[in-house]
Amino acid sequence: MEIKVLGTGCPKCKKLEKTTQEAVEEAGIEADISKVEDINDIMQYGVMVTPALVIDGKVVVSGKVPKKEEIIKFFN
């Protein structure tokens with residue numbers, strides 16, 4: 001599974017990255033998590049509000065930090 005956290009480095013972006021890592025560990029799945037900070041790369045996903053979470057190329061949430069339980073649901 002490929003997971004990308006889109007954000008320029010704001011506190012909410014960092015929180016989403018941390019929460020996503022915790023969700024992956026709790027779910028026991030194998031995932032490659034990366035951070036995308038370049039605004040041009042972020043805009044290619046059609047995201048106008050960060051932070052955003054992309055799983056396997058699909059934007060699943062934008063503009064908020066979901067709870068760990070919500071992130072785990074996105075894996076399924």
# chains A, B, ... in the order shown; residues from 1 in each chain; ligands from 1
$ residues_around --residues "Glu25 of chain A" --least-positions-apart "6" --cutoff "10 Å" --atoms "only C-alpha atoms" --output "list of chain:residue names"
A:Thr19, A:Ala31, A:Ile72
$ select_by_dssp --residues "chain A" --states "alpha helix (DSSP H)" --output "ChimeraX atom specification"
/A:11-27,39-43,68-75
$ closest_residue --among "A:Met48, A:Val61, A:Ile71, A:Leu53" --to "Ser34 of chain A" --atoms "only C-alpha atoms"
A:Leu53
$ closest_residue --among "A:Ile39, A:Val49, A:Lys73, A:Lys68" --to "Lys18 of chain A" --atoms "only C-alpha atoms"
A:Lys68
$ closest_residue --among "A:Glu26, A:Met1, A:Ile42, A:Asn76" --to "Ile55 of chain A" --atoms "only C-alpha atoms"
A:Met1
$ atom_distance --atom1 "atom CA of Ala52 of chain A" --atom2 "atom CA of Asp38 of chain A"
12.9 Å
$ closest_residue --among "A:Thr20, A:Lys12, A:Ile33, A:Thr50" --to "Ser62 of chain A" --atoms "only C-alpha atoms"
A:Thr50
$ atom_distance --atom1 "atom CA of Lys14 of chain A" --atom2 "atom CA of Phe75 of chain A"
19.8 Å
$ closest_residue --among "A:Pro51, A:Lys64, A:Gln21, A:Glu30" --to "Leu6 of chain A" --atoms "only C-alpha atoms"
A:Pro51
$ atom_distance --atom1 "atom CA of Val65 of chain A" --atom2 "atom CA of Glu22 of chain A"
13.2 Å
$ closest_residue --among "A:Gly57, A:Phe74, A:Glu69, A:Lys4" --to "Lys35 of chain A" --atoms "only C-alpha atoms"
A:Lys4
$ select_by_dssp --residues "chain A" --states "strand (DSSP E or B)" --output "PyMOL selection string"
chain A and resi 2-6+32-36+52-55+58-62
$ write_last_selection --atoms "C-alpha atoms" --output "PDB file, in the first residue's frame"
ATOM      1  CA  GLU A   2       1.303   3.449  -0.875  1.00  0.00           C
ATOM      2  CA  ILE A   3       0.318   6.288   1.442  1.00  0.00           C
ATOM      3  CA  LYS A   4       1.149   9.947   0.940  1.00  0.00           C
ATOM      4  CA  VAL A   5       0.622  12.768   3.391  1.00  0.00           C
ATOM      5  CA  LEU A   6       0.196  16.033   1.522  1.00  0.00           C
ATOM      6  CA  ASP A  32       5.130   2.909   2.249  1.00  0.00           C
ATOM      7  CA  ILE A  33       4.412   6.306   3.835  1.00  0.00           C
ATOM      8  CA  SER A  34       5.846   9.437   2.272  1.00  0.00           C
ATOM      9  CA  LYS A  35       5.399  13.164   2.799  1.00  0.00           C
ATOM     10  CA  VAL A  36       4.715  15.489  -0.134  1.00  0.00           C
ATOM     11  CA  ALA A  52      -4.556  15.620   2.806  1.00  0.00           C
ATOM     12  CA  LEU A  53      -4.154  11.859   2.796  1.00  0.00           C
ATOM     13  CA  VAL A  54      -3.657   9.846  -0.391  1.00  0.00           C
ATOM     14  CA  ILE A  55      -3.911   6.045  -0.362  1.00  0.00           C
ATOM     15  CA  LYS A  58      -6.720   8.294  -4.307  1.00  0.00           C
ATOM     16  CA  VAL A  59      -7.321  11.323  -2.070  1.00  0.00           C
ATOM     17  CA  VAL A  60      -9.335   9.972   0.877  1.00  0.00           C
ATOM     18  CA  VAL A  61      -9.400  13.070   3.085  1.00  0.00           C
ATOM     19  CA  SER A  62      -8.493  16.728   2.696  1.00  0.00           C
TER      20      SER A  62
END
$ decode --residues "segment 8-26 of chain A" --atoms "N, CA and C atoms" --output "compact mmCIF listing (two decimals), in the first residue's frame"
# COMPACT_ATOMS: atom_id res chain seq x y z
N THR A 8 2.41 21.19 3.63
CA THR A 8 3.62 22.01 3.52
C THR A 8 4.46 22.03 4.79
N GLY A 9 4.02 21.35 5.83
CA GLY A 9 4.81 21.30 7.06
C GLY A 9 4.15 21.98 8.25
N CYS A 10 2.89 22.32 8.12
CA CYS A 10 2.16 22.96 9.22
C CYS A 10 1.93 21.94 10.35
N PRO A 11 1.57 22.41 11.54
CA PRO A 11 1.32 21.48 12.65
C PRO A 11 0.28 20.40 12.33
N LYS A 12 -0.80 20.76 11.61
CA LYS A 12 -1.83 19.76 11.27
C LYS A 12 -1.25 18.70 10.33
N CYS A 13 -0.39 19.12 9.41
CA CYS A 13 0.23 18.18 8.47
C CYS A 13 1.11 17.18 9.23
N LYS A 14 1.87 17.69 10.18
CA LYS A 14 2.74 16.82 10.98
C LYS A 14 1.91 15.86 11.83
N LYS A 15 0.78 16.35 12.35
CA LYS A 15 -0.10 15.49 13.15
C LYS A 15 -0.70 14.38 12.29
N LEU A 16 -1.10 14.72 11.06
CA LEU A 16 -1.65 13.70 10.16
C LEU A 16 -0.61 12.64 9.84
N GLU A 17 0.63 13.05 9.62
CA GLU A 17 1.69 12.09 9.33
C GLU A 17 1.90 11.15 10.51
N LYS A 18 1.95 11.70 11.71
CA LYS A 18 2.15 10.88 12.92
C LYS A 18 0.97 9.93 13.14
N THR A 19 -0.25 10.43 13.00
CA THR A 19 -1.44 9.62 13.20
C THR A 19 -1.52 8.51 12.16
N THR A 20 -1.13 8.81 10.93
CA THR A 20 -1.13 7.80 9.86
C THR A 20 -0.14 6.68 10.18
N GLN A 21 1.05 7.05 10.66
CA GLN A 21 2.05 6.04 11.02
C GLN A 21 1.53 5.15 12.14
N GLU A 22 0.87 5.76 13.13
CA GLU A 22 0.29 4.98 14.23
C GLU A 22 -0.81 4.04 13.72
N ALA A 23 -1.62 4.52 12.79
CA ALA A 23 -2.70 3.70 12.24
C ALA A 23 -2.15 2.50 11.47
N VAL A 24 -1.08 2.71 10.71
CA VAL A 24 -0.46 1.61 9.96
C VAL A 24 0.08 0.56 10.92
N GLU A 25 0.75 1.01 11.97
CA GLU A 25 1.30 0.08 12.97
C GLU A 25 0.17 -0.69 13.66
N GLU A 26 -0.88 0.01 14.05
CA GLU A 26 -2.00 -0.64 14.76
C GLU A 26 -2.73 -1.63 13.87
